[in-house]
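Undergrad: Input structure: input_35.tsv, which contains TSV, C-alpha atoms.
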```tsv
chain	number	residue	atom	x	y	z
U	1	MET	CA	-16.25	45.37	53.30
U	2	ASN	CA	-12.58	45.31	52.29
U	3	THR	CA	-12.47	41.55	52.73
U	4	THR	CA	-15.49	41.12	50.40
U	5	VAL	CA	-13.81	43.25	47.69
U	6	ILE	CA	-10.60	41.27	48.00
U	7	VAL	CA	-12.46	37.96	47.71
U	8	VAL	CA	-14.41	39.16	44.64
U	9	VAL	CA	-11.25	40.45	42.95
U	10	ALA	CA	-9.43	37.19	43.75
U	11	LEU	CA	-12.29	35.11	42.34
U	12	ALA	CA	-12.37	37.25	39.17
U	13	LEU	CA	-8.64	36.82	38.80
U	14	VAL	CA	-8.87	33.06	39.22
U	15	ALA	CA	-11.74	32.90	36.67
U	16	ALA	CA	-9.77	35.00	34.17
U	17	LEU	CA	-6.69	32.81	34.59
U	18	ALA	CA	-8.76	29.64	34.21
U	19	LEU	CA	-10.36	31.01	31.01
U	20	PHE	CA	-6.95	31.96	29.63
U	21	PHE	CA	-5.44	28.51	30.22
U	22	LEU	CA	-8.59	26.76	28.92
U	23	ARG	CA	-8.46	28.67	25.62
U	24	ARG	CA	-4.74	28.09	25.29
U	25	SER	CA	-5.11	24.35	25.84
U	26	LYS	CA	-7.98	24.16	23.33
U	27	SER	CA	-6.02	25.99	20.67
U	28	GLY	CA	-2.91	23.85	21.36
U	29	GLY	CA	-5.00	20.68	21.08
U	30	SER	CA	-6.44	21.69	17.73
U	31	THR	CA	-3.01	22.47	16.34
U	32	SER	CA	-1.54	19.14	17.34
U	33	LYS	CA	-4.57	17.31	15.90
U	34	GLN	CA	-4.17	19.20	12.65
U	35	GLN	CA	-0.49	18.32	12.52
U	36	GLU	CA	-1.37	14.71	13.19
U	37	ASN	CA	-3.81	14.68	10.26
U	38	SER	CA	-1.46	16.51	7.92
U	39	PRO	CA	2.10	15.45	8.61
U	40	ALA	CA	4.78	17.88	7.58
U	41	LEU	CA	5.77	17.62	3.95
U	42	THR	CA	9.26	16.60	2.95
U	43	PRO	CA	11.28	19.15	0.95
U	44	GLU	CA	10.77	16.92	-2.11
U	45	GLN	CA	6.98	16.95	-1.62
U	46	GLU	CA	7.04	20.73	-1.15
U	47	GLU	CA	8.92	21.04	-4.43
U	48	LEU	CA	6.52	18.71	-6.26
U	49	LEU	CA	3.55	20.59	-4.85
U	50	ALA	CA	4.99	23.83	-6.20
U	51	LEU	CA	5.74	22.27	-9.60
U	52	SER	CA	2.22	20.82	-9.78
U	53	GLN	CA	0.86	24.35	-10.04
U	54	ALA	CA	2.14	24.53	-13.62
U	55	PRO	CA	2.82	20.94	-14.69
U	56	GLY	CA	4.91	20.48	-17.82
U	57	GLU	CA	6.05	24.08	-17.88
U	58	ASP	CA	9.59	23.28	-16.79
U	59	GLY	CA	9.95	21.07	-19.87
U	60	LEU	CA	9.41	17.73	-18.10
U	61	PRO	CA	6.29	15.53	-18.09
U	62	PHE	CA	4.43	15.63	-14.77
U	63	MET	CA	2.70	12.47	-13.60
U	64	PHE	CA	-0.09	12.58	-10.99
U	65	ALA	CA	-0.34	9.05	-9.56
U	66	LEU	CA	-1.41	6.86	-6.64
U	67	THR	CA	1.01	4.62	-4.72
U	68	THR	CA	-1.50	1.76	-4.90
U	69	CYS	CA	-2.48	2.03	-8.57
U	70	ARG	CA	-1.23	-0.71	-10.91
U	71	HIS	CA	-1.65	1.45	-14.01
U	72	CYS	CA	0.55	4.06	-12.35
U	73	LYS	CA	3.22	1.48	-11.56
U	74	LYS	CA	3.19	0.22	-15.15
U	75	THR	CA	3.45	3.75	-16.48
U	76	LYS	CA	6.37	4.45	-14.16
U	77	GLU	CA	8.08	1.22	-15.25
U	78	TYR	CA	7.60	2.16	-18.89
U	79	LEU	CA	9.00	5.67	-18.41
U	80	ASP	CA	11.94	4.40	-16.35
U	81	SER	CA	12.78	1.66	-18.83
U	82	ASN	CA	12.93	4.32	-21.55
U	83	ASP	CA	15.11	6.62	-19.44
U	84	ALA	CA	12.46	9.33	-19.57
U	85	LYS	CA	12.90	12.27	-17.20
U	86	TYR	CA	9.69	13.26	-15.48
U	87	HIS	CA	8.18	14.41	-12.19
U	88	LEU	CA	6.10	11.97	-10.18
U	89	LEU	CA	3.66	13.09	-7.49
U	90	TYR	CA	1.64	10.57	-5.48
U	91	VAL	CA	-1.61	12.33	-4.59
U	92	ASP	CA	-2.43	9.82	-1.83
U	93	GLU	CA	0.69	10.86	0.06
U	94	PHE	CA	-0.88	14.27	0.69
U	95	ASN	CA	-3.66	15.10	3.10
U	96	GLY	CA	-6.28	17.70	3.83
U	97	ARG	CA	-6.24	20.88	1.79
U	98	ASP	CA	-3.19	19.84	-0.27
U	99	ARG	CA	-4.93	16.63	-1.31
U	100	SER	CA	-8.16	18.31	-2.38
U	101	ASP	CA	-6.26	21.08	-4.20
U	102	LEU	CA	-4.24	18.40	-6.03
U	103	MET	CA	-7.44	16.60	-7.05
U	104	ASP	CA	-8.82	19.88	-8.39
U	105	LYS	CA	-5.63	20.24	-10.40
U	106	VAL	CA	-5.87	16.67	-11.76
U	107	ARG	CA	-9.51	17.27	-12.76
U	108	SER	CA	-8.56	20.46	-14.58
U	109	TYR	CA	-6.53	18.26	-16.96
U	110	ASN	CA	-8.60	15.10	-16.72
U	111	PRO	CA	-12.23	15.74	-15.68
U	112	ARG	CA	-12.64	12.07	-14.69
U	113	GLY	CA	-9.95	12.50	-12.05
U	114	SER	CA	-8.40	9.11	-12.77
U	115	PHE	CA	-4.79	7.94	-12.44
U	116	PRO	CA	-2.24	8.22	-13.77
U	117	THR	CA	-2.75	11.61	-15.35
U	118	ILE	CA	0.37	12.73	-17.19
U	119	VAL	CA	0.68	16.33	-18.28
U	120	LEU	CA	3.29	16.76	-21.00
U	121	PRO	CA	5.26	19.85	-21.92
U	122	GLY	CA	3.09	21.72	-24.38
U	123	GLY	CA	-0.10	20.82	-22.54
U	124	LYS	CA	-0.89	17.40	-24.03
U	125	VAL	CA	-2.45	15.07	-21.44
U	126	VAL	CA	-2.23	11.26	-21.33
U	127	VAL	CA	-4.62	9.43	-19.01
U	128	GLY	CA	-3.97	5.85	-17.88
U	129	PHE	CA	-1.19	3.52	-18.99
U	130	ARG	CA	-1.29	4.16	-22.74
U	131	GLU	CA	2.04	2.94	-23.99
U	132	GLN	CA	1.53	3.99	-27.59
U	133	LEU	CA	0.29	7.46	-26.70
U	134	LEU	CA	3.22	7.92	-24.33
U	135	ARG	CA	5.70	6.71	-26.92
U	136	GLU	CA	4.32	9.11	-29.51
U	137	ALA	CA	4.07	12.03	-27.11
U	138	LEU	CA	7.38	11.58	-25.34
U	139	PHE	CA	9.66	10.39	-28.07
U	140	HIS	CA	8.10	11.24	-31.44
U	141	ASP	CA	6.66	14.66	-30.49
U	142	SER	CA	9.77	15.72	-28.60
U	143	ALA	CA	11.95	14.68	-31.55
U	144	VAL	CA	9.75	16.74	-33.87
U	145	ILE	CA	9.97	19.70	-31.49
U	146	ALA	CA	13.78	19.33	-31.27
U	147	GLU	CA	14.10	19.12	-35.08
U	148	SER	CA	11.82	22.07	-35.57
U	149	SER	CA	13.73	24.22	-33.07
U	150	GLN	CA	17.04	23.23	-34.72
U	151	GLY	CA	15.62	24.20	-38.09
U	152	ASN	CA	14.52	27.56	-36.72
U	153	SER	CA	17.89	28.37	-35.16
Y	1	MET	CA	-5.57	-11.24	6.30
Y	2	THR	CA	-2.96	-12.02	3.66
Y	3	PRO	CA	-3.15	-11.00	-0.02
Y	4	GLN	CA	-3.57	-14.69	-0.87
Y	5	SER	CA	-6.52	-15.16	1.50
Y	6	LEU	CA	-8.15	-11.96	0.25
Y	7	LEU	CA	-7.83	-13.20	-3.32
Y	8	LYS	CA	-9.44	-16.47	-2.31
Y	9	VAL	CA	-12.50	-14.62	-0.98
Y	10	LEU	CA	-12.69	-12.30	-3.99
Y	11	LYS	CA	-12.32	-15.24	-6.38
Y	12	ALA	CA	-15.16	-17.17	-4.74
Y	13	THR	CA	-17.57	-14.22	-4.75
Y	14	ALA	CA	-16.62	-13.25	-8.32
Y	15	GLU	CA	-17.24	-16.72	-9.65
Y	16	GLN	CA	-20.75	-16.63	-8.25
Y	17	LYS	CA	-21.38	-13.84	-10.75
Y	18	GLY	CA	-19.57	-15.53	-13.61
Y	19	TYR	CA	-16.41	-13.42	-13.28
Y	20	PHE	CA	-12.83	-14.56	-12.76
Y	21	LEU	CA	-9.60	-13.22	-11.34
Y	22	HIS	CA	-7.14	-12.03	-13.96
Y	23	ALA	CA	-4.86	-14.78	-15.28
Y	24	ASP	CA	-1.72	-12.80	-14.34
Y	25	GLU	CA	-1.24	-13.99	-10.75
Y	26	GLU	CA	1.46	-11.44	-10.01
Y	27	HIS	CA	-0.90	-8.65	-11.03
Y	28	CYS	CA	-3.65	-10.08	-8.81
Y	29	LEU	CA	-1.34	-10.41	-5.82
Y	30	ALA	CA	-0.05	-6.87	-6.21
Y	31	THR	CA	-3.63	-5.57	-6.45
Y	32	ALA	CA	-4.61	-7.52	-3.33
Y	33	GLU	CA	-1.60	-6.07	-1.48
Y	34	SER	CA	-2.73	-2.56	-2.48
Y	35	LEU	CA	-6.27	-3.33	-1.34
Y	36	LEU	CA	-4.97	-4.42	2.07
Y	37	GLU	CA	-2.79	-1.33	2.24
Y	38	ASN	CA	-5.90	0.79	1.70
Y	39	LYS	CA	-7.76	-1.24	4.33
Y	40	GLN	CA	-4.99	-0.39	6.78
Y	41	ARG	CA	-4.88	3.28	5.79
Y	42	TYR	CA	-8.59	4.03	5.49
Y	43	GLY	CA	-10.34	1.15	7.23
Y	44	TYR	CA	-12.04	-0.24	4.14
Y	45	LEU	CA	-11.05	-2.03	0.93
Y	46	CYS	CA	-11.02	1.03	-1.26
Y	47	CYS	CA	-10.31	0.43	-4.95
Y	48	PRO	CA	-6.52	0.88	-5.27
Y	49	CYS	CA	-6.89	2.55	-8.66
Y	50	ARG	CA	-8.89	5.42	-7.19
Y	51	LEU	CA	-8.25	8.06	-4.55
Y	52	ALA	CA	-10.05	7.42	-1.26
Y	53	THR	CA	-12.01	10.21	0.36
Y	54	SER	CA	-14.03	8.76	3.26
Y	55	LEU	CA	-16.07	5.64	3.91
Y	56	ASP	CA	-19.26	7.64	3.60
Y	57	LYS	CA	-18.35	8.92	0.13
Y	58	ASP	CA	-16.51	5.86	-1.13
Y	59	LYS	CA	-19.17	3.18	-0.75
Y	60	ASP	CA	-19.34	2.87	-4.53
Y	61	ILE	CA	-15.61	2.07	-4.83
Y	62	ILE	CA	-15.20	-0.54	-2.12
Y	63	CYS	CA	-13.88	-3.60	-3.93
Y	64	PRO	CA	-15.68	-5.07	-5.77
Y	65	CYS	CA	-16.92	-1.67	-6.88
Y	66	ILE	CA	-20.43	-1.01	-8.16
Y	67	TYR	CA	-18.99	-0.24	-11.62
Y	68	ARG	CA	-17.58	-3.74	-12.07
Y	69	ASP	CA	-20.61	-5.21	-13.86
Y	70	ALA	CA	-20.78	-2.41	-16.42
Y	71	ASP	CA	-17.01	-2.40	-16.97
Y	72	ILE	CA	-16.81	-6.15	-17.46
Y	73	HIS	CA	-19.79	-6.01	-19.79
Y	74	GLU	CA	-18.21	-3.26	-21.91
Y	75	TYR	CA	-14.49	-4.01	-21.69
Y	76	GLY	CA	-14.26	-7.59	-20.42
Y	77	ALA	CA	-12.47	-6.39	-17.25
Y	78	CYS	CA	-13.03	-4.12	-14.25
Y	79	PHE	CA	-11.33	-0.75	-13.87
Y	80	CYS	CA	-8.29	-2.28	-12.09
Y	81	THR	CA	-8.28	-5.36	-14.34
Y	82	LEU	CA	-8.54	-7.57	-11.28
Y	83	PHE	CA	-11.74	-9.21	-12.50
Y	84	VAL	CA	-12.35	-10.39	-16.04
Y	85	ASP	CA	-15.13	-12.16	-17.93
Y	86	ALA	CA	-15.11	-15.84	-18.93
Y	87	GLU	CA	-13.78	-15.03	-22.40
Y	88	HIS	CA	-10.54	-13.57	-21.02
Y	89	ARG	CA	-10.05	-15.75	-17.94
Y	90	ASP	CA	-7.00	-17.54	-19.40
Y	91	ASP	CA	-5.33	-14.53	-21.00
Y	92	PRO	CA	-2.50	-13.14	-18.81
Y	93	ASP	CA	-1.84	-10.34	-21.32
Y	94	PHE	CA	-5.38	-8.98	-21.34
Y	95	PHE	CA	-5.12	-5.40	-20.04
Y	96	PRO	CA	-7.75	-3.31	-21.81
Y	97	ASP	CA	-7.94	0.47	-21.36
Y	98	VAL	CA	-10.96	0.77	-19.12
Y	99	ASP	CA	-12.30	4.31	-18.94
Y	100	GLU	CA	-13.32	5.63	-15.55
Y	101	ARG	CA	-17.12	5.57	-15.33
Y	102	ARG	CA	-17.40	6.83	-11.74
Y	103	PRO	CA	-19.21	10.17	-11.93
Y	104	PRO	CA	-16.86	13.05	-11.01
Y	105	GLU	CA	-19.42	14.36	-8.49
Y	106	ASN	CA	-18.90	11.16	-6.45
Y	107	MET	CA	-15.28	12.12	-5.94
Y	108	ASP	CA	-16.01	15.31	-3.97
```
With the file now loaded, output its structure as structure tokens.
TA:
Amino acid sequence: MNTTVIVVVALALVAALALFFLRRSKSGGSTSKQQENSPALTPEQEELLALSQAPGEDGLPFMFALTTCRHCKKTKEYLDSNDAKYHLLYVDEFNGRDRSDLMDKVRSYNPRGSFPTIVLPGGKVVVGFREQLLREALFHDSAVIAESSQGNS
Amino acid sequence: MTPQSLLKVLKATAEQKGYFLHADEEHCLATAESLLENKQRYGYLCCPCRLATSLDKDKDIICPCIYRDADIHEYGACFCTLFVDAEHRDDPDFFPDVDERRPPENMD
């Protein structure tokens, strides 16, 4: 009788331990797969992600772009050659939830969701490589804003 | 596959439809490099001017995309300006602003 009880208790204990380790290994596996799909963000990406919540509000244009997009490269070249200060976030460098949240953000400014989408301080949005629009928005508008604020002070 | 060999294939298939590669060779090579980068990343030649989602959802934007005909008809060039019509085949400075015609619901 006692032997039977001991065997049953031992079997239950073994089953409980097996269940515990099985669950632990499954949960560990899922975490590492998730990490594999969404590599850790660099501090710079974390900062850009935070800034993308309110693009343009820190006074600098915010460009949503793709690393592979020629229009984005041309826009970057134009901005750099004019010594413009701006934030640049490559949406295709993000994965999973971050990526879909970023696309939602891009679409909130540009319903077509195309690249580059540049959100300027003040809320104006330029889509694509539009040199003239950028020139007007970045240099003419900002000069007008600067003059107007000087006049008000 | 090299960017040059990809361009060769794209050029041949485009010309069957009366389209041509853009006259700016540097632009074409850079676009082909981006296409191959997407092939490596996603497994298919996703349009480099658009954000890839998955093969299942991106069938319309595998280069050449299904919007090419309409874009070339309206603007003389495709969305990435890789392909142009006969009228602009010799113009290396032809970079029209081509509006995105892919329906937003296809991007989800």
Undergrad: Taking all atoms listed in the file into account, which residues of chain U are within 6 Å of chain Y, as a list in words?
TA: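 Within 6 Å of chain Y on chain U, we get Thr68, Cys69 and Arg112 of chain U.
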Undergrad: Store the residues of this selection in a file with C-alpha atoms, as a PDB file, in the coordinates of the input.
TA:
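Wrote result_24.pdb, looks like this:
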```pdb
ATOM      1  CA  THR U  68      -1.500   1.760  -4.900  1.00  0.00           C
ATOM      2  CA  CYS U  69      -2.480   2.030  -8.570  1.00  0.00           C
ATOM      3  CA  ARG U 112     -12.640  12.070 -14.690  1.00  0.00           C
TER       4      ARG U 112
END
```
Undergrad: Restricting the calculation to all atoms listed in the file, which member of Y:Tyr42, Y:Phe83, Y:Tyr75, Y:Tyr67 is positioned closest to Leu10 in chain Y?
TA: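 Under the stated criterion, the closest residue is Y:Phe83.
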Undergrad: Set the distance at 12 Å and use all atoms listed in the file: which residues neighbour Asp93 in chain Y once local chain neighbours fewer than 6 positions away are removed? I'd like the list as a list of chain:residue names.
TA: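 Non-adjacent residues within range: Y:His22, Y:Ala23, Y:Asp24, Y:Glu25, Y:Glu26, Y:His27, Y:Thr81, Y:Val84.
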Undergrad: Find the spatial neighbours of Leu89 in chain U, counting only C-alpha atoms, within a cut-off of 8 Å - ignore same-chain residues fewer than 5 positions away - and output them as JSON, numbers by chain.
TA: {"U": [45, 48, 49, 62, 63, 64, 65]}
Undergrad: What is the distance between CA of Ala77 in chain Y and CA of Phe94 in chain Y, in Å to one decimal?
TA: 8.6 Å
Undergrad: For a test of reading the model, state the distance in Å between CA of Val125 in chain U and CA of Lys105 in chain U, rounded to one decimal.
TA: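 Taking CA of Val125 in chain U as the start and CA of Lys105 in chain U as the end point, the length is 12.6 Å.
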Undergrad: Please, what distance in Å, to one decimal, runs between CA of Thr117 in chain U and CA of Phe129 in chain U?
TA: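 Distance between the two atoms: 9.0 Å.
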Undergrad: So, counting all atoms listed in the file, which residue among Y:Glu74, Y:His88, Y:Lys57, Y:Leu82 is closest to Leu21 in chain Y?
TA: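 When distances to Leu21 in chain Y are compared using all atoms listed in the file, the smallest one comes from Y:Leu82.
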Undergrad: Could you name the residues that touch Glu44 in chain U at 12 Å or less, counting all atoms listed in the file, but leaving out those on the same chain fewer than 5 positions away, as number ranges by chain?
TA: U: 49-51, 87-90, 93
Undergrad: Would you list the contacts of Lys85 in chain U as a list in words, taking every protein, DNA or RNA residue within 8 Å and counting only C-alpha atoms, but skipping same-chain residues closer than 3 positions in sequence?
TA: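 Everything that qualifies: Leu60, Pro61, Leu79 and Asp80 of chain U.
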